[in-house]
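Listing of coords.txt, compact mmCIF, C-alpha atoms
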```
# COMPACT_ATOMS: atom_id res chain seq x y z
CA MET A 917 0.00 0.00 0.00
CA GLY A 918 2.79 2.43 0.87
CA HIS A 919 6.04 3.63 -0.66
CA MET A 920 9.38 5.09 0.40
CA ILE A 921 10.19 8.79 0.11
CA ASP A 922 13.09 10.97 1.20
CA LEU A 923 12.61 13.68 3.83
CA LYS A 924 15.02 16.42 4.89
CA ALA A 925 15.64 17.45 8.49
CA ALA A 926 16.35 21.03 9.56
CA ASP A 927 20.11 20.37 9.59
CA GLY A 928 20.01 19.25 5.96
CA THR A 929 20.19 15.52 6.65
CA THR A 930 18.16 13.50 4.15
CA PHE A 931 16.61 10.24 5.35
CA PRO A 932 14.01 7.77 4.06
CA ALA A 933 10.50 7.32 5.37
CA TYR A 934 7.72 4.90 4.53
CA VAL A 935 4.48 6.68 3.60
CA ALA A 936 1.05 5.05 3.48
CA GLU A 937 -1.97 6.99 2.27
CA PRO A 938 -5.70 6.43 2.92
CA SER A 939 -8.09 5.75 0.07
CA GLY A 940 -10.12 8.90 0.72
CA LYS A 941 -9.59 12.25 2.34
CA PRO A 942 -7.33 11.75 5.39
CA LYS A 943 -8.67 12.21 8.92
CA GLY A 944 -5.25 13.61 9.85
CA GLY A 945 -1.63 12.55 9.91
CA VAL A 946 0.04 9.83 11.98
CA VAL A 947 3.78 9.37 12.49
CA VAL A 948 4.75 5.77 13.29
CA LEU A 949 8.09 5.26 15.08
CA GLN A 950 9.91 1.97 14.66
CA GLU A 951 11.20 -0.48 17.24
CA ILE A 952 14.95 -1.27 17.29
CA PHE A 953 14.45 -3.43 14.20
CA GLY A 954 14.13 -0.72 11.56
CA VAL A 955 11.26 0.15 9.24
CA ASN A 956 10.73 -3.55 8.64
CA SER A 957 7.72 -5.48 7.33
CA HIS A 958 5.95 -5.23 10.68
CA ILE A 959 6.30 -1.44 10.95
CA ARG A 960 5.18 -1.07 7.34
CA SER A 961 2.11 -3.19 8.12
CA VAL A 962 1.37 -1.01 11.16
CA ALA A 963 1.61 2.07 8.94
CA ASP A 964 -0.65 0.43 6.34
CA GLY A 965 -3.15 -0.33 9.10
CA TYR A 966 -3.43 3.28 10.20
CA ALA A 967 -3.75 4.32 6.56
CA ALA A 968 -6.61 1.83 6.15
CA ASP A 969 -8.26 3.57 9.08
CA GLY A 970 -8.11 6.88 7.25
CA TYR A 971 -4.80 8.50 8.22
CA PHE A 972 -1.88 9.78 6.17
CA VAL A 973 1.01 7.87 7.74
CA VAL A 974 4.74 8.60 7.84
CA ALA A 975 7.21 6.08 9.33
CA PRO A 976 10.72 7.62 9.36
CA ALA A 977 13.85 5.47 9.34
CA THR A 978 15.21 6.57 12.71
CA PHE A 979 18.46 4.56 12.38
CA HIS A 980 19.50 6.30 9.17
CA ARG A 981 21.97 8.71 10.78
CA VAL A 982 24.08 5.79 12.05
CA GLN A 983 23.17 2.97 9.62
CA PRO A 984 21.10 3.26 6.43
CA GLY A 985 18.78 0.54 5.23
CA VAL A 986 18.22 -1.32 8.51
CA GLU A 987 15.52 -3.99 8.30
CA LEU A 988 15.88 -6.66 10.97
CA GLY A 989 13.85 -9.62 12.20
CA TYR A 990 13.29 -10.64 15.81
CA THR A 991 16.02 -13.16 16.60
CA GLU A 992 18.41 -12.71 19.52
CA ALA A 993 21.10 -11.68 17.03
CA ASP A 994 18.76 -9.12 15.46
CA MET A 995 17.96 -7.76 18.91
CA GLY A 996 21.66 -7.30 19.67
CA THR A 997 22.26 -5.58 16.35
CA GLY A 998 19.27 -3.29 16.78
CA PHE A 999 20.23 -2.41 20.32
CA GLY A 1000 23.67 -1.40 19.07
CA PHE A 1001 22.14 0.95 16.51
CA LYS A 1002 19.82 2.40 19.16
CA THR A 1003 22.77 3.07 21.43
CA ALA A 1004 24.60 4.79 18.57
CA VAL A 1005 21.60 7.01 17.80
CA ASP A 1006 21.19 7.86 21.48
CA GLY A 1007 24.83 8.98 21.46
CA LEU A 1008 24.39 11.50 18.65
CA PRO A 1009 24.77 15.21 19.47
CA GLU A 1010 21.48 17.01 20.14
CA PRO A 1011 18.97 17.13 18.57
CA GLY A 1012 20.02 13.99 16.67
CA VAL A 1013 17.14 11.82 15.53
CA MET A 1014 14.56 14.19 17.02
CA ALA A 1015 15.20 16.47 14.03
CA ASP A 1016 14.17 13.62 11.71
CA ILE A 1017 11.02 12.98 13.72
CA GLN A 1018 10.18 16.70 13.50
CA ALA A 1019 10.55 16.51 9.72
CA ALA A 1020 8.21 13.51 9.64
CA ILE A 1021 5.65 15.41 11.72
CA ASP A 1022 5.93 18.39 9.38
CA HIS A 1023 5.36 16.14 6.35
CA ALA A 1024 2.37 14.42 7.95
CA ALA A 1025 0.84 17.82 8.72
CA GLN A 1026 -0.24 18.18 5.08
CA ALA A 1027 -3.12 15.88 6.11
CA GLY A 1028 -4.23 18.02 9.07
CA GLN A 1029 -3.60 17.51 12.76
CA VAL A 1030 -0.88 14.99 13.58
CA GLY A 1031 -0.65 12.18 16.08
CA ILE A 1032 2.40 10.06 16.82
CA VAL A 1033 2.63 6.42 17.88
CA GLY A 1034 5.76 4.39 18.58
CA TYR A 1035 6.74 0.97 19.82
CA CYS A 1036 9.59 -0.12 22.12
CA TRP A 1037 12.41 2.37 21.43
CA GLY A 1038 9.92 4.21 19.24
CA GLY A 1039 7.68 4.48 22.30
CA LEU A 1040 10.42 6.32 24.16
CA LEU A 1041 10.98 8.61 21.18
CA THR A 1042 7.22 9.19 21.00
CA TRP A 1043 7.24 10.34 24.62
CA ARG A 1044 10.17 12.66 23.96
CA ALA A 1045 8.44 14.01 20.85
CA ALA A 1046 5.29 14.74 22.88
CA CYS A 1047 7.40 16.72 25.33
CA THR A 1048 9.83 18.54 23.02
CA LEU A 1049 8.65 18.77 19.40
CA GLN A 1050 6.19 21.01 17.57
CA GLY A 1051 3.09 20.28 15.53
CA LEU A 1052 1.62 17.32 17.40
CA SER A 1053 -1.92 16.99 18.71
CA ALA A 1054 -1.66 13.56 20.42
CA ALA A 1055 0.94 10.93 21.28
CA VAL A 1056 0.70 7.20 22.03
CA PRO A 1057 3.83 5.39 23.23
CA TYR A 1058 3.67 1.60 23.42
CA TYR A 1059 5.98 0.03 26.05
CA GLY A 1060 8.53 2.80 25.66
CA GLY A 1061 11.72 1.39 27.09
CA GLY A 1062 13.22 3.95 29.46
CA MET A 1063 10.27 6.32 29.55
CA THR A 1064 9.43 5.35 33.15
CA ALA A 1065 12.96 6.24 34.31
CA ALA A 1066 13.02 9.26 36.62
CA ALA A 1067 14.60 11.65 34.10
CA GLU A 1068 12.05 10.79 31.41
CA ALA A 1069 9.05 10.75 33.76
CA ALA A 1070 10.01 14.27 34.85
CA ARG A 1071 9.35 15.65 31.36
CA THR A 1072 6.23 17.68 30.64
CA PRO A 1073 4.16 16.65 27.62
CA LYS A 1074 2.82 19.42 25.41
CA VAL A 1075 -0.05 17.30 24.05
CA PRO A 1076 -2.45 14.62 25.32
CA VAL A 1077 -0.68 11.27 25.82
CA MET A 1078 -1.97 7.72 26.09
CA ALA A 1079 0.59 5.09 27.12
CA HIS A 1080 0.35 1.29 26.81
CA PHE A 1081 2.38 -1.11 28.99
CA GLY A 1082 2.46 -4.85 29.71
CA ASP A 1083 2.47 -6.16 33.28
CA GLN A 1084 4.90 -8.97 32.34
CA ASP A 1085 7.44 -6.66 30.68
CA HIS A 1086 10.85 -7.37 32.24
CA TRP A 1087 12.30 -4.34 30.40
CA ILE A 1088 9.82 -1.98 32.09
CA PRO A 1089 9.10 -3.13 35.67
CA LEU A 1090 5.52 -2.58 36.76
CA ASP A 1091 6.56 -0.62 39.83
CA THR A 1092 8.16 2.00 37.58
CA VAL A 1093 4.92 2.21 35.58
CA GLU A 1094 3.03 2.88 38.83
CA VAL A 1095 5.48 5.65 39.73
CA PHE A 1096 5.12 7.11 36.23
CA LYS A 1097 1.32 7.17 36.66
CA LYS A 1098 1.67 9.14 39.90
CA VAL A 1099 4.18 11.59 38.43
CA GLN A 1100 2.13 12.01 35.22
CA PRO A 1101 -1.53 12.06 36.33
CA GLY A 1102 -2.52 13.71 33.05
CA VAL A 1103 -1.31 10.75 30.97
CA SER A 1104 -3.86 8.04 30.22
CA VAL A 1105 -1.98 4.85 31.18
CA HIS A 1106 -3.24 1.37 30.27
CA VAL A 1107 -1.62 -1.82 31.53
CA TYR A 1108 -2.29 -5.17 29.86
CA ALA A 1109 -1.74 -8.77 30.91
CA ALA A 1110 1.04 -9.02 28.35
CA ASN A 1111 4.77 -8.92 27.73
CA HIS A 1112 7.05 -6.42 26.00
CA GLY A 1113 6.33 -6.25 22.27
CA PHE A 1114 2.75 -7.47 22.65
CA ASN A 1115 1.61 -5.50 19.61
CA CYS A 1116 4.00 -7.20 17.16
CA ASP A 1117 2.52 -10.27 15.46
CA GLN A 1118 6.01 -11.32 14.33
CA ARG A 1119 7.27 -11.76 17.90
CA GLY A 1120 6.76 -14.58 20.35
CA SER A 1121 5.46 -12.01 22.85
CA TYR A 1122 2.53 -11.09 20.58
CA ASN A 1123 -0.74 -10.94 22.49
CA GLU A 1124 -3.69 -10.65 20.14
CA ALA A 1125 -6.23 -9.57 22.76
CA ALA A 1126 -3.97 -6.89 24.23
CA ALA A 1127 -2.92 -5.66 20.77
CA LYS A 1128 -6.54 -5.39 19.63
CA LEU A 1129 -7.69 -3.50 22.73
CA ALA A 1130 -4.70 -1.16 22.69
CA ARG A 1131 -5.27 -0.38 19.02
CA GLU A 1132 -8.97 0.32 19.58
CA ARG A 1133 -8.06 2.70 22.39
CA THR A 1134 -5.39 4.36 20.26
CA LEU A 1135 -7.74 4.89 17.34
CA ALA A 1136 -10.38 6.37 19.66
CA PHE A 1137 -7.73 8.66 21.16
CA PHE A 1138 -6.62 9.83 17.71
CA SER A 1139 -10.24 10.32 16.64
CA GLN A 1140 -10.79 12.50 19.70
CA HIS A 1141 -7.69 14.66 19.31
CA LEU A 1142 -7.10 14.76 15.55
CA GLY A 1143 -10.65 15.68 14.62
```

Before anything else, please render the file you have as structure tokens.
Amino acid sequence: MGHMIDLKAADGTTFPAYVAEPSGKPKGGVVVLQEIFGVNSHIRSVADGYAADGYFVVAPATFHRVQPGVELGYTEADMGTGFGFKTAVDGLPEPGVMADIQAAIDHAAQAGQVGIVGYCWGGLLTWRAACTLQGLSAAVPYYGGGMTAAAEAARTPKVPVMAHFGDQDHWIPLDTVEVFKKVQPGVSVHVYAANHGFNCDQRGSYNEAAAKLARERTLAFFSQHLG
């Protein structure tokens, strides 16, 4: 359904993004932020899904500044490789990849108000985008690794945020989610009987019931704030 385009960040860096368009007039724009596995077949299918629901979708390649063309699977080796790329991106001078996400938001804005959704590392970047970037109307991080750490929880979101977590996620202990909820009473937090990565149907941790409910809630949230 979608296709790749090139976008340009404010510092002149050009990077690819997957774009999926709805069949009719878009309800708004949605930026989809990848896990640590690149803009792979799963992320493209997520983007296609939001396009099928009426949104103009942009999924930027957030590894491009350190490694172009990353498209990994979900093996242990892939996880190690992806984590290495994530670490390298996190080590870039400010604003780093946030400039690319801003460019994706700006591109999605041609469709109207823009929401952002991200998974795993993309969930953390979604939270940071909600707190630091311009042009968003809603943000939905899924199991954002690190976003319940004290420094991240202390941020102040500029837009409405809905966050999804799993209660069996060993990367994000449930007690840190509870602290995050207390520190961020304005964030709508949902916890599912599920593991990390429960939205991804290519992972062993996929939980169909949790994924379905989280997506329904996300779509309702976008409908409310991108109208």

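Minimum atom-to-atom distances from A:Ala967, A:Ala1004, A:Leu1041, A:Ala933 to Gly1061 of chain A were compared using all atoms listed in the file, and the lowest value belongs to A:Leu1041.
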
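Nearest to Pro1011 of chain A of all the residues A:Thr1048, A:Pro1089, A:Pro932, A:Phe1137 is A:Thr1048, counting all atoms listed in the file.
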
Please list as a list in words every residue within 8 Å of Lys943 of chain A, counting only C-alpha atoms and excluding residues in the same chain fewer than 3 positions away. Gly970, Tyr971, Phe972, Ala1027, Gly1028, Leu1142 and Gly1143 of chain A

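Here atom CA of Ser1053 of chain A is placed at a distance of 10.0 Å from atom CA of Gln1140 of chain A.
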
May I have the residues within 7 Å of Gly1034 of chain A as a list of chain:residue names, using only C-alpha atoms and disregarding those fewer than 3 positions away in the same chain? A:Val948, A:Leu949, A:Gln950, A:Gly1038, A:Gly1039, A:Thr1042, A:Val1056, A:Pro1057, A:Tyr1058

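Of the listed residues A:Ala1127, A:Ala1019, A:Leu1049, A:Ala1066, the one whose atoms come nearest to Ala975 of chain A is A:Ala1019, with distances taken using only C-alpha atoms.
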
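Using all atoms listed in the file, the nearest neighbour of His1106 of chain A within the list A:Gly1060, A:Gly1082, A:Gly1051, A:Gly998 is A:Gly1082.
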
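Interatomic distance, atom CA of Ala1079 of chain A against atom CA of Tyr1122 of chain A: 17.6 Å.
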
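With atom CA of Ala1125 of chain A on one side and atom CA of Val1107 of chain A on the other, the separation reads 12.6 Å.
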
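Closest approach to Tyr1035 of chain A among A:Gly1120, A:Gly1062, A:Gly1000, A:Gly1007 is made by A:Gly1062 (distances from only C-alpha atoms).
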
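Taking only C-alpha atoms, the non-local environment of Gly985 of chain A within 12 Å (same-chain residues fewer than 2 positions away omitted) comprises Met920, Phe931, Pro932, Ala933, Tyr934, Phe953, Gly954, Val955, Asn956, Pro976, Ala977, Thr978, Phe979, His980, Arg981, Val982, Gln983, Glu987, Leu988 and Phe1001 of chain A.
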
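Residue nearest Ser957 of chain A, chosen from A:Ile921, A:Ala1126, A:Cys1116, A:Ala1025 and counting all atoms listed in the file: A:Cys1116.
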
Excluding Leu1052 of chain A and its own-chain neighbours fewer than 5 positions away, which residues fall within 9 Å of it when counting all atoms listed in the file? Please give them as a list in words. Ile1021, Ala1025, Gln1029, Val1030, Gly1031, Ile1032, Ala1045, Ala1046, Lys1074 and Val1075 of chain A

If we count all atoms listed in the file, what is near Asp1085 of chain A at a cut-off of 10 Å, once residues fewer than 6 positions away on the same chain are taken out, given as a PDB file with C-alpha atoms, keeping the file's coordinate frame?
```pdb
ATOM      1  CA  TYR A1059       5.980   0.030  26.050  1.00  0.00           C
ATOM      2  CA  GLY A1061      11.720   1.390  27.090  1.00  0.00           C
ATOM      3  CA  TYR A1108      -2.290  -5.170  29.860  1.00  0.00           C
ATOM      4  CA  ALA A1109      -1.740  -8.770  30.910  1.00  0.00           C
ATOM      5  CA  ALA A1110       1.040  -9.020  28.350  1.00  0.00           C
ATOM      6  CA  ASN A1111       4.770  -8.920  27.730  1.00  0.00           C
ATOM      7  CA  HIS A1112       7.050  -6.420  26.000  1.00  0.00           C
ATOM      8  CA  GLY A1113       6.330  -6.250  22.270  1.00  0.00           C
ATOM      9  CA  PHE A1114       2.750  -7.470  22.650  1.00  0.00           C
ATOM     10  CA  SER A1121       5.460 -12.010  22.850  1.00  0.00           C
TER      11      SER A1121
END
```

Determine the axis-aligned bounding box of all atoms of segment 1023-1039 of chain A present in the file, pad each side by 6 Å, and express its centre and edge lengths in Å to one decimal place as JSON.
```
{"center_x": 4.1, "center_y": 9.0, "center_z": 13.7, "size_x": 28.6, "size_y": 30.3, "size_z": 29.2}
```

Taking the partial coordinates given, rebuild segment 958-985 of chain A to contain N, CA and C atoms; return it as a PDB file, in the frame of the given file.
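Okay, part_2.pdb is ready:
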```
ATOM      1  N   HIS A 958       6.962  -5.455   9.637  1.00  0.00           N
ATOM      2  CA  HIS A 958       5.950  -5.230  10.680  1.00  0.00           C
ATOM      3  C   HIS A 958       5.583  -3.753  10.782  1.00  0.00           C
ATOM      4  N   ILE A 959       6.587  -2.882  10.839  1.00  0.00           N
ATOM      5  CA  ILE A 959       6.300  -1.440  10.950  1.00  0.00           C
ATOM      6  C   ILE A 959       5.561  -0.951   9.715  1.00  0.00           C
ATOM      7  N   ARG A 960       5.923  -1.457   8.555  1.00  0.00           N
ATOM      8  CA  ARG A 960       5.180  -1.070   7.340  1.00  0.00           C
ATOM      9  C   ARG A 960       3.730  -1.534   7.426  1.00  0.00           C
ATOM     10  N   SER A 961       3.496  -2.709   7.993  1.00  0.00           N
ATOM     11  CA  SER A 961       2.110  -3.190   8.120  1.00  0.00           C
ATOM     12  C   SER A 961       1.333  -2.361   9.131  1.00  0.00           C
ATOM     13  N   VAL A 962       2.011  -1.907  10.189  1.00  0.00           N
ATOM     14  CA  VAL A 962       1.370  -1.010  11.160  1.00  0.00           C
ATOM     15  C   VAL A 962       0.965   0.294  10.474  1.00  0.00           C
ATOM     16  N   ALA A 963       1.898   0.840   9.682  1.00  0.00           N
ATOM     17  CA  ALA A 963       1.610   2.070   8.940  1.00  0.00           C
ATOM     18  C   ALA A 963       0.436   1.858   7.974  1.00  0.00           C
ATOM     19  N   ASP A 964       0.446   0.739   7.267  1.00  0.00           N
ATOM     20  CA  ASP A 964      -0.650   0.430   6.340  1.00  0.00           C
ATOM     21  C   ASP A 964      -1.980   0.334   7.092  1.00  0.00           C
ATOM     22  N   GLY A 965      -1.928  -0.198   8.318  1.00  0.00           N
ATOM     23  CA  GLY A 965      -3.150  -0.330   9.100  1.00  0.00           C
ATOM     24  C   GLY A 965      -3.754   1.013   9.473  1.00  0.00           C
ATOM     25  N   TYR A 966      -2.904   1.951   9.878  1.00  0.00           N
ATOM     26  CA  TYR A 966      -3.430   3.280  10.200  1.00  0.00           C
ATOM     27  C   TYR A 966      -3.918   4.003   8.947  1.00  0.00           C
ATOM     28  N   ALA A 967      -3.272   3.741   7.820  1.00  0.00           N
ATOM     29  CA  ALA A 967      -3.750   4.320   6.560  1.00  0.00           C
ATOM     30  C   ALA A 967      -5.124   3.749   6.208  1.00  0.00           C
ATOM     31  N   ALA A 968      -5.313   2.452   6.425  1.00  0.00           N
ATOM     32  CA  ALA A 968      -6.610   1.830   6.150  1.00  0.00           C
ATOM     33  C   ALA A 968      -7.702   2.407   7.032  1.00  0.00           C
ATOM     34  N   ASP A 969      -7.301   2.921   8.188  1.00  0.00           N
ATOM     35  CA  ASP A 969      -8.260   3.570   9.080  1.00  0.00           C
ATOM     36  C   ASP A 969      -8.424   5.053   8.799  1.00  0.00           C
ATOM     37  N   GLY A 970      -7.822   5.529   7.717  1.00  0.00           N
ATOM     38  CA  GLY A 970      -8.110   6.880   7.250  1.00  0.00           C
ATOM     39  C   GLY A 970      -7.048   7.928   7.472  1.00  0.00           C
ATOM     40  N   TYR A 971      -5.849   7.520   7.924  1.00  0.00           N
ATOM     41  CA  TYR A 971      -4.800   8.500   8.220  1.00  0.00           C
ATOM     42  C   TYR A 971      -3.682   8.479   7.173  1.00  0.00           C
ATOM     43  N   PHE A 972      -3.085   9.640   6.996  1.00  0.00           N
ATOM     44  CA  PHE A 972      -1.880   9.780   6.170  1.00  0.00           C
ATOM     45  C   PHE A 972      -0.698   9.475   7.084  1.00  0.00           C
ATOM     46  N   VAL A 973       0.047   8.423   6.781  1.00  0.00           N
ATOM     47  CA  VAL A 973       1.010   7.870   7.740  1.00  0.00           C
ATOM     48  C   VAL A 973       2.440   8.026   7.229  1.00  0.00           C
ATOM     49  N   VAL A 974       3.324   8.442   8.135  1.00  0.00           N
ATOM     50  CA  VAL A 974       4.740   8.600   7.840  1.00  0.00           C
ATOM     51  C   VAL A 974       5.539   7.812   8.882  1.00  0.00           C
ATOM     52  N   ALA A 975       6.371   6.879   8.420  1.00  0.00           N
ATOM     53  CA  ALA A 975       7.210   6.080   9.330  1.00  0.00           C
ATOM     54  C   ALA A 975       8.685   6.330   8.975  1.00  0.00           C
ATOM     55  N   PRO A 976       9.342   7.260   9.687  1.00  0.00           N
ATOM     56  CA  PRO A 976      10.720   7.620   9.360  1.00  0.00           C
ATOM     57  C   PRO A 976      11.714   6.528   9.782  1.00  0.00           C
ATOM     58  N   ALA A 977      12.783   6.411   9.016  1.00  0.00           N
ATOM     59  CA  ALA A 977      13.850   5.470   9.340  1.00  0.00           C
ATOM     60  C   ALA A 977      14.769   6.125  10.377  1.00  0.00           C
ATOM     61  N   THR A 978      14.521   5.838  11.645  1.00  0.00           N
ATOM     62  CA  THR A 978      15.210   6.570  12.710  1.00  0.00           C
ATOM     63  C   THR A 978      16.627   6.045  12.996  1.00  0.00           C
ATOM     64  N   PHE A 979      17.067   5.012  12.284  1.00  0.00           N
ATOM     65  CA  PHE A 979      18.460   4.560  12.380  1.00  0.00           C
ATOM     66  C   PHE A 979      19.355   5.188  11.317  1.00  0.00           C
ATOM     67  N   HIS A 980      18.769   5.920  10.375  1.00  0.00           N
ATOM     68  CA  HIS A 980      19.500   6.300   9.170  1.00  0.00           C
ATOM     69  C   HIS A 980      20.768   7.095   9.446  1.00  0.00           C
ATOM     70  N   ARG A 981      20.778   7.889  10.495  1.00  0.00           N
ATOM     71  CA  ARG A 981      21.970   8.710  10.780  1.00  0.00           C
ATOM     72  C   ARG A 981      23.180   7.856  11.183  1.00  0.00           C
ATOM     73  N   VAL A 982      22.950   6.650  11.659  1.00  0.00           N
ATOM     74  CA  VAL A 982      24.080   5.790  12.050  1.00  0.00           C
ATOM     75  C   VAL A 982      24.223   4.582  11.133  1.00  0.00           C
ATOM     76  N   GLN A 983      23.121   4.131  10.511  1.00  0.00           N
ATOM     77  CA  GLN A 983      23.170   2.970   9.620  1.00  0.00           C
ATOM     78  C   GLN A 983      21.979   2.977   8.676  1.00  0.00           C
ATOM     79  N   PRO A 984      22.207   3.261   7.389  1.00  0.00           N
ATOM     80  CA  PRO A 984      21.100   3.260   6.430  1.00  0.00           C
ATOM     81  C   PRO A 984      20.591   1.843   6.154  1.00  0.00           C
ATOM     82  N   GLY A 985      19.331   1.783   5.755  1.00  0.00           N
ATOM     83  CA  GLY A 985      18.780   0.540   5.230  1.00  0.00           C
ATOM     84  C   GLY A 985      18.585  -0.586   6.230  1.00  0.00           C
TER      85      GLY A 985
END
```
